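**Q** I'm passing along final_16.cif; it holds mmCIF, C-alpha atoms.
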```cif
data_structure
loop_
_atom_site.label_atom_id
_atom_site.label_comp_id
_atom_site.auth_asym_id
_atom_site.auth_seq_id
_atom_site.Cartn_x
_atom_site.Cartn_y
_atom_site.Cartn_z
CA MET A 692 169.65 -116.00 43.12
CA SER A 693 170.41 -116.58 46.80
CA ALA A 694 168.75 -114.51 49.50
CA ASP A 695 172.02 -112.69 50.22
CA ASP A 696 172.17 -111.40 46.65
CA ARG A 697 168.72 -109.80 46.63
CA ARG A 698 168.24 -106.05 46.85
CA LEU A 699 165.04 -105.13 48.66
CA VAL A 700 163.91 -101.50 48.63
CA ILE A 701 161.22 -99.85 50.75
CA VAL A 702 159.90 -96.49 49.56
CA GLY A 703 158.56 -94.81 52.68
CA ALA A 704 160.65 -94.47 55.84
CA SER A 705 157.85 -94.03 58.36
CA LEU A 706 155.95 -96.56 60.48
CA ALA A 707 155.02 -99.06 57.76
CA GLY A 708 158.42 -98.90 56.10
CA LEU A 709 160.35 -99.42 59.31
CA ARG A 710 158.13 -102.28 60.49
CA ALA A 711 158.49 -103.99 57.12
CA ALA A 712 162.28 -103.71 57.37
CA GLN A 713 162.21 -105.26 60.83
CA VAL A 714 160.12 -108.20 59.65
CA LEU A 715 162.37 -108.82 56.65
CA ARG A 716 165.35 -109.20 58.97
CA GLN A 717 163.38 -111.27 61.49
CA GLU A 718 162.35 -113.62 58.69
CA GLY A 719 166.00 -114.22 57.84
CA PHE A 720 166.64 -111.86 54.93
CA THR A 721 170.35 -110.98 54.94
CA GLY A 722 170.70 -109.13 51.65
CA SER A 723 170.78 -105.43 50.78
CA LEU A 724 167.98 -103.41 52.38
CA THR A 725 167.29 -99.75 51.54
CA LEU A 726 164.68 -97.36 52.99
CA ILE A 727 163.83 -94.23 51.02
CA GLY A 728 162.14 -91.30 52.80
CA ASP A 729 160.99 -87.98 51.39
CA GLU A 730 161.58 -86.17 54.70
CA PRO A 731 165.03 -85.52 56.21
CA HIS A 732 163.90 -86.97 59.54
CA ALA A 733 164.62 -90.48 60.73
CA PRO A 734 161.49 -92.65 61.07
CA TYR A 735 158.98 -91.18 63.52
CA ASP A 736 155.46 -91.80 64.82
CA ARG A 737 152.66 -89.59 63.48
CA PRO A 738 149.67 -89.99 65.87
CA PRO A 739 151.25 -87.84 68.65
CA LEU A 740 151.64 -84.91 66.25
CA SER A 741 148.00 -83.84 66.68
CA LYS A 742 147.97 -84.61 70.42
CA ASP A 743 150.85 -84.52 72.92
CA PHE A 744 153.26 -82.88 70.49
CA LEU A 745 151.03 -79.80 70.37
CA THR A 746 150.23 -79.60 74.08
CA SER A 747 153.42 -80.55 75.92
CA GLU A 748 155.89 -78.08 77.40
CA ASP A 749 159.12 -77.28 75.57
CA PRO A 750 160.95 -79.14 74.26
CA PRO A 751 158.34 -81.13 72.32
CA PRO A 752 158.28 -84.88 72.93
CA ASP A 753 160.46 -87.14 70.86
CA THR A 754 158.23 -89.00 68.39
CA GLY A 755 161.05 -90.99 66.83
CA LEU A 756 160.54 -94.68 66.20
CA PRO A 757 163.29 -96.90 67.60
CA VAL A 758 165.49 -98.39 64.89
CA PRO A 759 166.70 -101.81 66.05
CA VAL A 760 170.43 -102.24 66.47
CA GLY A 761 171.77 -104.33 63.64
CA LEU A 762 168.92 -103.61 61.22
CA GLY A 763 171.56 -103.11 58.56
CA ALA A 764 169.44 -100.88 56.36
CA ARG A 765 170.66 -98.00 54.23
CA LEU A 766 168.57 -94.87 54.80
CA LEU A 767 168.16 -92.46 51.88
CA LEU A 768 166.36 -89.49 53.43
CA GLY A 769 165.29 -86.08 52.20
CA SER A 770 165.00 -86.90 48.50
CA PRO A 771 161.58 -88.33 47.56
CA ALA A 772 160.98 -91.02 44.99
CA THR A 773 159.76 -89.45 41.75
CA ALA A 774 159.37 -92.42 39.39
CA LEU A 775 159.16 -96.19 39.25
CA SER A 776 160.06 -98.42 36.33
CA PRO A 777 158.85 -101.97 37.05
CA ASP A 778 160.37 -103.23 33.79
CA GLU A 779 163.86 -102.00 34.74
CA ARG A 780 163.17 -102.56 38.45
CA VAL A 781 164.48 -99.11 39.29
CA VAL A 782 163.22 -96.32 41.58
CA THR A 783 164.32 -92.79 40.66
CA LEU A 784 164.73 -90.09 43.31
CA ALA A 785 164.30 -86.32 43.04
CA ASP A 786 168.07 -85.79 43.09
CA GLY A 787 168.49 -88.12 40.12
CA THR A 788 169.67 -91.15 42.08
CA ARG A 789 168.55 -94.45 40.55
CA VAL A 790 167.97 -97.23 43.07
CA PRO A 791 167.74 -100.74 41.55
CA TYR A 792 165.74 -103.43 43.31
CA ASP A 793 164.82 -107.08 43.14
CA GLY A 794 161.85 -106.58 45.44
CA LEU A 795 160.04 -103.33 46.25
CA LEU A 796 157.64 -102.37 49.04
CA ILE A 797 155.65 -99.16 48.50
CA ALA A 798 154.82 -97.49 51.82
CA THR A 799 154.64 -93.80 50.87
CA GLY A 800 151.55 -93.18 52.99
CA ALA A 801 149.20 -90.30 52.27
CA LYS A 802 149.33 -86.55 51.77
CA ALA A 803 147.08 -83.96 53.33
CA ARG A 804 144.25 -82.97 51.03
CA ARG A 805 144.87 -79.43 49.81
CA TRP A 806 142.48 -76.51 49.52
CA PRO A 807 140.46 -77.03 46.32
CA GLY A 808 140.47 -73.39 45.19
CA ALA A 809 143.22 -70.84 44.58
CA PRO A 810 146.27 -71.20 46.84
CA PRO A 811 145.35 -69.86 50.28
CA PRO A 812 147.36 -67.07 51.96
CA SER A 813 150.23 -67.50 54.40
CA GLY A 814 148.98 -68.76 57.73
CA VAL A 815 146.81 -71.52 56.24
CA LEU A 816 148.42 -74.83 57.21
CA THR A 817 147.93 -78.57 56.99
CA LEU A 818 149.17 -81.18 59.46
CA ARG A 819 150.63 -84.39 58.16
CA GLY A 820 154.31 -84.49 59.10
CA ARG A 821 156.60 -83.39 61.90
CA ASP A 822 157.52 -80.10 60.22
CA ASP A 823 153.80 -79.28 59.89
CA ALA A 824 153.25 -79.97 63.59
CA THR A 825 156.29 -77.91 64.55
CA ALA A 826 155.04 -74.94 62.53
CA LEU A 827 151.61 -75.13 64.17
CA ARG A 828 153.03 -75.62 67.65
CA ARG A 829 155.07 -72.43 67.35
CA ARG A 830 151.92 -70.43 66.59
CA LEU A 831 149.70 -71.71 69.38
CA GLY A 832 149.31 -69.96 72.70
CA SER A 833 146.93 -68.07 74.91
CA GLY A 834 144.51 -65.97 72.90
CA HIS A 835 145.70 -67.20 69.51
CA ARG A 836 142.76 -67.33 67.10
CA LEU A 837 142.68 -70.69 65.35
CA VAL A 838 140.18 -71.93 62.78
CA VAL A 839 140.23 -75.67 62.00
CA VAL A 840 138.44 -76.65 58.79
CA GLY A 841 137.18 -80.22 59.01
CA ALA A 842 135.93 -81.87 62.21
CA GLY A 843 137.08 -85.43 61.59
CA PHE A 844 139.26 -87.09 64.19
CA LEU A 845 142.38 -85.21 63.05
CA GLY A 846 140.62 -81.84 63.02
CA GLY A 847 139.00 -82.59 66.35
CA GLU A 848 142.31 -83.56 67.93
CA ILE A 849 143.98 -80.40 66.66
CA ALA A 850 141.11 -78.28 67.96
CA ALA A 851 141.21 -79.98 71.38
CA ALA A 852 145.00 -79.64 71.66
CA ALA A 853 144.94 -75.96 70.66
CA HIS A 854 142.17 -75.29 73.16
CA ARG A 855 144.32 -76.83 75.90
CA ARG A 856 147.10 -74.42 74.89
CA GLY A 857 144.74 -71.51 75.48
CA ALA A 858 143.86 -70.76 71.87
CA ARG A 859 140.44 -69.48 70.83
CA VAL A 860 139.26 -72.24 68.50
CA ALA A 861 136.55 -72.36 65.84
CA LEU A 862 135.92 -75.76 64.25
CA ILE A 863 134.16 -75.71 60.85
CA GLU A 864 132.37 -78.80 59.53
CA ALA A 865 130.41 -79.13 56.28
CA SER A 866 128.22 -82.00 57.56
CA PRO A 867 125.43 -81.68 60.15
CA GLN A 868 127.58 -83.56 62.69
CA PRO A 869 131.30 -84.26 63.01
CA LEU A 870 132.35 -87.72 61.84
CA ALA A 871 128.81 -88.75 60.87
CA SER A 872 129.98 -90.41 57.64
CA ALA A 873 132.71 -92.32 59.49
CA VAL A 874 131.01 -93.43 62.71
CA GLY A 875 127.35 -92.47 62.34
CA PRO A 876 125.03 -89.81 63.75
CA THR A 877 125.05 -90.89 67.41
CA ALA A 878 128.83 -90.81 67.77
CA GLY A 879 128.88 -87.61 65.70
CA ALA A 880 126.45 -85.91 68.08
CA TYR A 881 128.46 -87.21 71.04
CA VAL A 882 131.68 -85.68 69.66
CA ALA A 883 129.88 -82.42 68.85
CA ALA A 884 128.67 -82.18 72.44
CA LEU A 885 132.21 -82.79 73.73
CA HIS A 886 133.61 -79.95 71.61
CA ARG A 887 130.91 -77.50 72.61
CA GLU A 888 131.11 -78.46 76.28
CA ALA A 889 134.85 -77.75 76.18
CA GLY A 890 134.24 -74.28 74.78
CA ILE A 891 135.15 -74.83 71.14
CA ASP A 892 133.07 -72.85 68.65
CA LEU A 893 131.80 -75.74 66.51
CA ARG A 894 129.92 -74.69 63.39
CA THR A 895 128.27 -77.48 61.41
CA SER A 896 126.56 -77.54 57.99
CA THR A 897 128.99 -74.75 57.13
CA THR A 898 131.89 -74.34 54.73
CA VAL A 899 134.65 -71.79 54.21
CA THR A 900 134.01 -69.63 51.15
CA ALA A 901 136.99 -67.27 51.34
CA PHE A 902 140.07 -66.33 53.32
CA GLU A 903 140.55 -62.74 54.45
CA SER A 904 143.90 -60.97 54.68
CA ARG A 905 144.82 -57.63 56.22
CA HIS A 906 148.14 -55.92 55.51
CA GLY A 907 149.41 -59.11 53.93
CA ARG A 908 148.51 -61.31 56.90
CA LEU A 909 145.70 -63.78 57.44
CA ALA A 910 142.83 -62.11 59.28
CA GLY A 911 139.88 -64.49 59.09
CA VAL A 912 137.58 -66.68 57.03
CA ARG A 913 134.17 -66.08 55.51
CA LEU A 914 131.61 -68.85 55.86
CA SER A 915 128.76 -70.14 53.73
CA ASP A 916 126.15 -69.01 56.29
CA GLY A 917 127.22 -65.40 55.82
CA THR A 918 129.23 -65.14 59.03
CA ARG A 919 132.97 -64.84 59.50
CA CYS A 920 135.60 -66.03 61.98
CA GLU A 921 138.67 -64.06 62.91
CA ALA A 922 141.82 -66.12 62.53
CA ASP A 923 145.54 -65.83 63.10
CA THR A 924 145.99 -69.37 61.78
CA VAL A 925 143.83 -71.77 59.78
CA VAL A 926 144.46 -75.52 59.72
CA LEU A 927 142.93 -77.50 56.87
CA ALA A 928 141.93 -80.97 58.10
CA LEU A 929 140.13 -82.07 54.93
CA GLY A 930 141.31 -85.66 54.91
CA ALA A 931 144.20 -87.35 53.12
CA VAL A 932 144.89 -88.86 49.72
CA PRO A 933 147.29 -91.76 48.99
CA ALA A 934 150.73 -90.52 47.95
CA THR A 935 150.83 -92.07 44.48
CA GLY A 936 151.82 -89.09 42.31
CA TRP A 937 155.33 -90.47 41.82
CA LEU A 938 153.81 -93.62 40.28
CA ALA A 939 152.07 -91.82 37.39
CA THR A 940 154.18 -93.51 34.69
CA SER A 941 154.71 -96.83 36.47
CA GLY A 942 151.82 -98.78 34.94
CA LEU A 943 150.44 -99.63 38.39
CA ASP A 944 146.73 -99.21 39.11
CA THR A 945 146.64 -96.12 41.32
CA GLY A 946 143.05 -94.99 40.83
CA LEU A 947 142.42 -95.19 44.58
CA GLY A 948 145.77 -95.85 46.16
CA VAL A 949 147.99 -98.67 44.92
CA ARG A 950 145.50 -101.45 44.16
CA CYS A 951 146.67 -104.75 45.60
CA ASP A 952 145.49 -108.34 45.71
CA ALA A 953 144.86 -110.17 48.99
CA ARG A 954 148.59 -110.86 49.35
CA LEU A 955 149.37 -107.13 49.03
CA ARG A 956 150.97 -107.58 45.61
CA ALA A 957 150.60 -104.48 43.44
CA LEU A 958 148.32 -104.80 40.41
CA ARG A 959 148.11 -103.30 36.96
CA PRO A 960 144.80 -101.82 35.72
CA ASP A 961 144.01 -105.16 34.02
CA GLY A 962 144.32 -106.95 37.37
CA THR A 963 147.59 -108.72 36.68
CA VAL A 964 150.33 -108.76 39.31
CA VAL A 965 153.35 -106.47 38.98
CA PRO A 966 156.30 -108.79 39.67
CA GLY A 967 158.37 -107.95 42.72
CA VAL A 968 156.19 -105.07 44.00
CA VAL A 969 154.01 -104.98 47.12
CA ALA A 970 152.36 -102.12 49.04
CA ALA A 971 151.23 -101.44 52.60
CA GLY A 972 149.70 -98.78 54.80
CA ASP A 973 147.86 -95.59 53.87
CA VAL A 974 148.88 -95.88 50.21
CA ALA A 975 147.54 -99.42 49.68
CA SER A 976 144.05 -100.31 48.43
CA VAL A 977 143.42 -103.85 49.66
CA PRO A 978 140.41 -106.22 49.42
CA ASN A 979 138.53 -106.39 52.70
CA ALA A 980 136.04 -109.10 53.64
CA LEU A 981 133.95 -106.65 55.67
CA ALA A 982 133.43 -104.71 52.43
CA ASP A 983 132.47 -107.85 50.51
CA GLY A 984 135.96 -108.12 49.09
CA ARG A 985 136.07 -104.61 47.65
CA PRO A 986 139.41 -102.78 47.93
CA VAL A 987 139.66 -100.36 50.87
CA VAL A 988 142.26 -97.74 51.78
CA LEU A 989 142.76 -97.36 55.54
CA GLY A 990 144.72 -94.59 57.23
CA HIS A 991 145.13 -96.21 60.65
CA TRP A 992 148.25 -96.91 62.72
CA THR A 993 147.46 -100.57 63.36
CA ASN A 994 146.62 -101.18 59.72
CA ALA A 995 150.00 -99.75 58.66
CA VAL A 996 151.79 -102.09 61.06
CA GLU A 997 149.84 -105.23 60.14
CA GLN A 998 149.96 -104.66 56.38
CA ALA A 999 153.68 -103.87 56.52
CA GLN A 1000 154.36 -107.16 58.27
CA ALA A 1001 152.24 -109.10 55.77
CA ALA A 1002 153.70 -107.29 52.74
CA ALA A 1003 157.26 -108.01 53.90
CA ARG A 1004 156.49 -111.70 54.10
CA THR A 1005 154.91 -111.62 50.65
CA LEU A 1006 158.02 -109.91 49.32
CA LEU A 1007 160.05 -112.87 50.52
CA ALA A 1008 157.50 -115.47 49.34
CA PRO A 1009 155.28 -113.85 46.66
CA HIS A 1010 153.41 -117.07 45.90
CA GLY A 1011 152.94 -118.17 49.48
CA PRO A 1012 149.57 -119.28 50.83
CA ASP A 1013 149.04 -116.43 53.29
CA VAL A 1014 146.59 -113.61 52.55
CA PHE A 1015 146.06 -110.44 54.57
CA ARG A 1016 143.11 -110.73 56.96
CA GLY A 1017 143.56 -107.81 59.32
CA VAL A 1018 140.68 -106.31 61.32
CA PRO A 1019 140.93 -102.50 61.10
CA SER A 1020 141.11 -100.51 64.31
CA PHE A 1021 141.78 -96.94 65.37
CA TRP A 1022 141.79 -94.74 68.45
CA SER A 1023 141.46 -91.08 69.38
CA ASP A 1024 141.38 -89.05 72.60
CA LEU A 1025 139.12 -86.00 72.74
CA HIS A 1026 138.40 -83.88 75.81
CA GLY A 1027 138.94 -86.72 78.24
CA ALA A 1028 137.03 -89.31 76.20
CA ARG A 1029 139.07 -92.26 74.88
CA PHE A 1030 137.58 -93.47 71.62
CA ARG A 1031 138.47 -96.91 70.32
CA SER A 1032 137.02 -98.64 67.25
CA VAL A 1033 137.31 -101.92 65.37
CA GLY A 1034 136.03 -102.88 61.94
CA LEU A 1035 134.57 -100.49 59.40
CA PRO A 1036 131.70 -98.51 60.97
CA ALA A 1037 131.41 -96.37 57.84
CA LEU A 1038 129.93 -99.35 55.96
CA ALA A 1039 126.98 -99.77 58.32
CA ASP A 1040 123.33 -99.34 57.38
CA THR A 1041 122.20 -99.57 61.02
CA GLU A 1042 123.74 -98.76 64.38
CA GLU A 1043 122.87 -100.22 67.76
CA VAL A 1044 123.58 -97.84 70.63
CA ARG A 1045 124.30 -99.88 73.75
CA GLU A 1046 125.51 -97.05 76.01
CA ASN A 1047 125.50 -93.29 75.61
CA ASP A 1048 126.70 -91.41 78.69
CA LEU A 1049 128.26 -88.07 77.85
CA ALA A 1050 128.79 -87.00 81.46
CA GLY A 1051 130.52 -90.29 82.27
CA ARG A 1052 132.52 -90.21 79.02
CA ARG A 1053 131.14 -93.60 78.00
CA LEU A 1054 129.79 -94.77 74.68
CA GLU A 1055 129.26 -98.13 73.00
CA ILE A 1056 127.87 -98.60 69.49
CA ALA A 1057 127.68 -101.74 67.33
CA TYR A 1058 127.45 -101.25 63.57
CA HIS A 1059 125.71 -103.67 61.20
CA ARG A 1060 125.15 -103.97 57.47
CA ASN A 1061 122.51 -106.37 56.18
CA GLY A 1062 122.30 -107.72 59.70
CA ALA A 1063 126.01 -108.59 59.96
CA LEU A 1064 128.44 -106.90 62.31
CA VAL A 1065 130.89 -104.63 60.46
CA GLY A 1066 132.27 -102.51 63.29
CA ALA A 1067 132.09 -101.18 66.83
CA LEU A 1068 133.07 -98.00 68.64
CA THR A 1069 133.48 -97.24 72.31
CA ALA A 1070 134.46 -94.35 74.54
CA GLY A 1071 135.65 -95.28 78.01
CA ARG A 1072 134.77 -98.93 77.36
CA THR A 1073 137.90 -100.29 75.70
CA GLY A 1074 137.54 -103.64 77.45
CA ARG A 1075 134.33 -104.31 75.56
CA LEU A 1076 136.04 -104.28 72.16
CA ALA A 1077 137.60 -107.73 72.45
CA ARG A 1078 134.34 -109.57 71.73
CA TYR A 1079 133.66 -107.36 68.70
CA ARG A 1080 137.18 -107.89 67.40
CA GLU A 1081 136.82 -111.66 67.78
CA ALA A 1082 133.54 -111.67 65.84
CA LEU A 1083 135.01 -109.52 63.07
CA HIS A 1084 138.09 -111.71 62.89
CA ARG A 1085 135.85 -114.71 62.21
CA THR A 1086 134.30 -112.80 59.31
CA VAL A 1087 137.57 -111.75 57.67
CA SER A 1088 138.96 -115.26 58.21
CA GLY A 1089 136.14 -116.75 56.18
CA GLN A 1090 134.34 -118.27 59.11
CA ARG A 1091 130.71 -117.56 59.94
CA PRO A 1092 129.77 -113.87 59.65
CA GLY A 1093 129.50 -111.81 62.80
CA VAL A 1094 125.72 -111.54 62.81
CA GLY A 1095 125.76 -109.92 66.21
CA VAL A 1096 127.44 -109.75 69.56
CA MET A 1097 125.40 -110.28 72.69
CA GLY A 1098 125.39 -107.41 75.19
#
```
Would you kindly transcribe this structure into structure tokens?

**A**
Amino acid sequence: MSADDRRLVIVGASLAGLRAAQVLRQEGFTGSLTLIGDEPHAPYDRPPLSKDFLTSEDPPPDTGLPVPVGLGARLLLGSPATALSPDERVVTLADGTRVPYDGLLIATGAKARRWPGAPPPSGVLTLRGRDDATALRRRLGSGHRLVVVGAGFLGGEIAAAAHRRGARVALIEASPQPLASAVGPTAGAYVAALHREAGIDLRTSTTVTAFESRHGRLAGVRLSDGTRCEADTVVLALGAVPATGWLATSGLDTGLGVRCDARLRALRPDGTVVPGVVAAGDVASVPNALADGRPVVLGHWTNAVEQAQAAARTLLAPHGPDVFRGVPSFWSDLHGARFRSVGLPALADTEEVRENDLAGRRLEIAYHRNGALVGALTAGRTGRLARYREALHRTVSGQRPGVGVMG
């Protein structure tokens, strides 16, 4: 079969899906290319949704991703994929459409984690897509009472943006410090101080036990410490889970995202490769050298881009020599502090604090496990990340481990 006869399908029309489509064309693929998206919107960028999208004046900023002229891709939007048959090589959509493929890239991303109890009342939201952000934006304003449940980076960004809009914000976190499991206690305490300094009511070691309604409208939340918070709106920022529900009958290993090998080829539970199927982005569980080769799911912008590029190349050459060796990175802006990170700080057993200046909005932490560098985080010191990234790249490339980086 010549290249022009192949039908390549990408399920997921967001960042990873669009970047994969671009790479396929750049690498010379001239056959049929289809992008399937569950939302009616053209591809758009998600990171601004919890930042500038919530704080800017009307109209909200355009978060659309530019689609290159001449991409030549068919967009099937607004009808999500509901099933995959690898034997038939067919994707089925919610409206009954069957889309055959010769090669498939799964880039369905992740879904917001839902409330674990009974369905919450109206006024309890999540933020994952553009429609979610639009609904929240319409509610925010001076004096609006907002409770954000979960003080990770997403919850923190929502709280900071709402505060800038004049809302009265309470931020509820089950752990003793925000982000402690992700970036350690020092960075967690730093972020906590930023929130409190800004005037956000941060409550740690606390969980929501119930929602209160009055006359059919949300009125507040009750907390595990016996207190309550009044609320016009609640946003659940409880993390995300890979969007793999549509793959339940596919035979793919989806225990923790779509499990892939080092070339991003999808695997069955017995570890064998599913022919013609790759995955990338928030939905993919990929071996990572920093985690001793264990599969890791990463919900970061740069990871989505890099995996999409690598997965597209694997789709064109499934038995090629290249393996994915990306170094994870992420960023966040909170209350004037610009956080940047590389590696996997969550894996660390020790942290080395090299600068901690709250007033100056500066922070630098190196993270190690068994004496080897596994990550770094800075605030206001982005220029210092290059040396950490270089050391981590040597590790994931199979060169000498990053035992440390000199200050």

**Q** Let me know the residues the PyMOL selection byres ((chain A and resi 1068-1070) around 9) catches in the file above, as a ChimeraX atom specification.

**A** /A:874,878,1024,1028-1034,1036,1046,1052-1058,1066-1067,1071-1073,1075-1076

**Q** Can you report as lines of an AutoDock Vina configuration file the centre and edge lengths in Å, to one decimal, of an axis-aligned box around the listed atoms of range 753-765 of chain A padded with 6 Å on each side?

**A**
```
center_x = 165.0
center_y = -95.7
center_z = 62.5
size_x = 25.5
size_y = 29.2
size_z = 28.6
```

**Q** I'd like to see the residues matched by the PyMOL selection byres ((chain A and resi 699) around 9) on this file, and ideally I'd get them as a PyMOL selection string.

**A** chain A and resi 697-698+700-701+722-726+791-796+1006

**Q** When distances are computed from all atoms listed in the file, which of A:Ala883, A:Ala1008, A:Ala995, A:Ala934 shows the smallest separation from Val974 in chain A?

**A** A:Ala934

**Q** Evaluate the PyMOL selection byres ((chain A and resi 894) around 6) here and jot the selected residues down as a list in words.

**A** Ile863, Leu893 and Thr895 of chain A

**Q** Using 6 Å as the limit and counting only C-alpha atoms, can you tabulate each residue of range 987-1020 of chain A that touches range 948-972 of chain A, with its shortest atom-to-atom distance in Å and the two atoms involved, as a Markdown table?

**A**
```
| residue | atom | partner | partner_atom | distance |
| --- | --- | --- | --- | --- |
| A:Ala995 | CA | A:Gly972 | CA | 4.0 |
| A:Gln998 | CA | A:Ala971 | CA | 5.1 |
| A:Ala999 | CA | A:Ala971 | CA | 5.2 |
| A:Ala1002 | CA | A:Leu955 | CA | 5.7 |
| A:Val1014 | CA | A:Arg954 | CA | 4.7 |
| A:Phe1015 | CA | A:Ala953 | CA | 5.7 |
```

**Q** Here is a test: counting all atoms listed in the file, which residue of A:Leu775, A:Val1087, A:Ala851, A:Ala826 is nearest to His886 in chain A?

**A** A:Ala851

**Q** From the list A:Ala884, A:Val760, A:Gly1017, A:Pro750, which residue is nearest Gln1000 in chain A when using only C-alpha atoms?

**A**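 With only C-alpha atoms as the atom set, the closest residue is A:Gly1017.
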
**Q** Go through A:Cys920, A:Leu1083, A:Ala873, A:Ala928 and flag the residue nearest Leu989 in chain A, using all atoms listed in the file for the distances.

**A**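 Ranked by minimum distance to Leu989 in chain A, first place goes to A:Ala873.
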
**Q** So the first atom is CA of Gly846 in chain A and the second is CA of Leu862 in chain A; what is the distance between them in Å, to one decimal place?

**A**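 Those two atoms sit 7.8 Å apart.
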
**Q** Using only C-alpha atoms, which protein or nucleic acid residues come within 7 Å of Val838 in chain A? Drop anything in the same chain fewer than 2 positions from it, and give the result as JSON, numbers by chain.

**A** {"A": [836, 840, 860, 861, 862, 922, 924, 925, 926]}

**Q** Counting all atoms listed in the file, which of A:Ser776, A:Leu1007, A:Val899, A:Tyr881 gets nearest to Phe720 in chain A?

**A**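 Looking only at the distances to Phe720 in chain A, the closest residue turns out to be A:Leu1007.
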
**Q** Have a look at CA of Asp923 in chain A and CA of Gly832 in chain A and let me know their distance in Å, one decimal.

**A**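 CA of Asp923 in chain A sits 11.1 Å away from CA of Gly832 in chain A.
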
**Q** Write out as a list of chain:residue names each polymer residue whose atoms come within 9 Å of range 804-812 of chain A, counting all atoms listed in the file; drop sequence neighbours fewer than 3 positions from it.

**A**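 Non-adjacent residues within range: A:Ala801, A:Val815, A:Thr817, A:Ala901, A:Phe902, A:Glu903, A:Ser904, A:Gly907, A:Arg908, A:Leu909, A:Leu927, A:Ala928, A:Leu929, A:Gly930, A:Ala931, A:Val932.
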
**Q** Go through A:Gly728, A:Pro739, A:Pro867, A:Pro734 and flag the residue nearest Val758 in chain A, using only C-alpha atoms for the distances.

**A** A:Pro734

**Q** Would you compute the distance between CA of Val1065 in chain A and CA of Gly1089 in chain A? Give it in Å to one decimal.

**A** 13.9 Å

**Q** Which neighbours of Lys742 in chain A fall inside 9 Å, counting only C-alpha atoms, when residues of the same chain fewer than 3 positions from it are skipped, and could you give them as an MDAnalysis selection string?

**A** chainID A and resid 738:739 745:747 848:849 851:852 1024

**Q** Please provide the set of residues having any atom within 10 Å of Leu762 in chain A, restricted to only C-alpha atoms, with same-chain residues fewer than 6 positions apart removed, written as a ChimeraX atom specification.

**A** /A:709,712-713,715-717,721,724

**Q** How about saving the chosen residues, C-alpha atoms kept, as a short mmCIF file (atom, residue, chain, number, x, y, z; two decimals), keeping the file's coordinate frame?

**A**
```cif
data_model
loop_
_atom_site.label_atom_id
_atom_site.label_comp_id
_atom_site.auth_asym_id
_atom_site.auth_seq_id
_atom_site.Cartn_x
_atom_site.Cartn_y
_atom_site.Cartn_z
CA LEU A 709 160.35 -99.42 59.31
CA ALA A 712 162.28 -103.71 57.37
CA GLN A 713 162.21 -105.26 60.83
CA LEU A 715 162.37 -108.82 56.65
CA ARG A 716 165.35 -109.20 58.97
CA GLN A 717 163.38 -111.27 61.49
CA THR A 721 170.35 -110.98 54.94
CA LEU A 724 167.98 -103.41 52.38
#
```

**Q** Got a sec: who's within 8 Å of range 766-768 of chain A, counting all atoms listed in the file, leaving out chain neighbours fewer than 2 positions off, as an MDAnalysis selection string?

**A** chainID A and resid 704 725:733 764 770:771

**Q** Every residue with an atom at most 9 Å from (139.7, -106.2, 50.7) (file coordinates; all atoms listed in the file) is what I'm after, so could you write them as a list in words?

**A**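 Returned residue set, sorted by chain then number, is Cys951, Asp952, Ala953, Ser976, Val977, Pro978, Asn979, Ala980, Leu981, Ala982, Asp983, Gly984, Arg985, Pro986, Val987, Val988, Phe1015 and Arg1016 of chain A.
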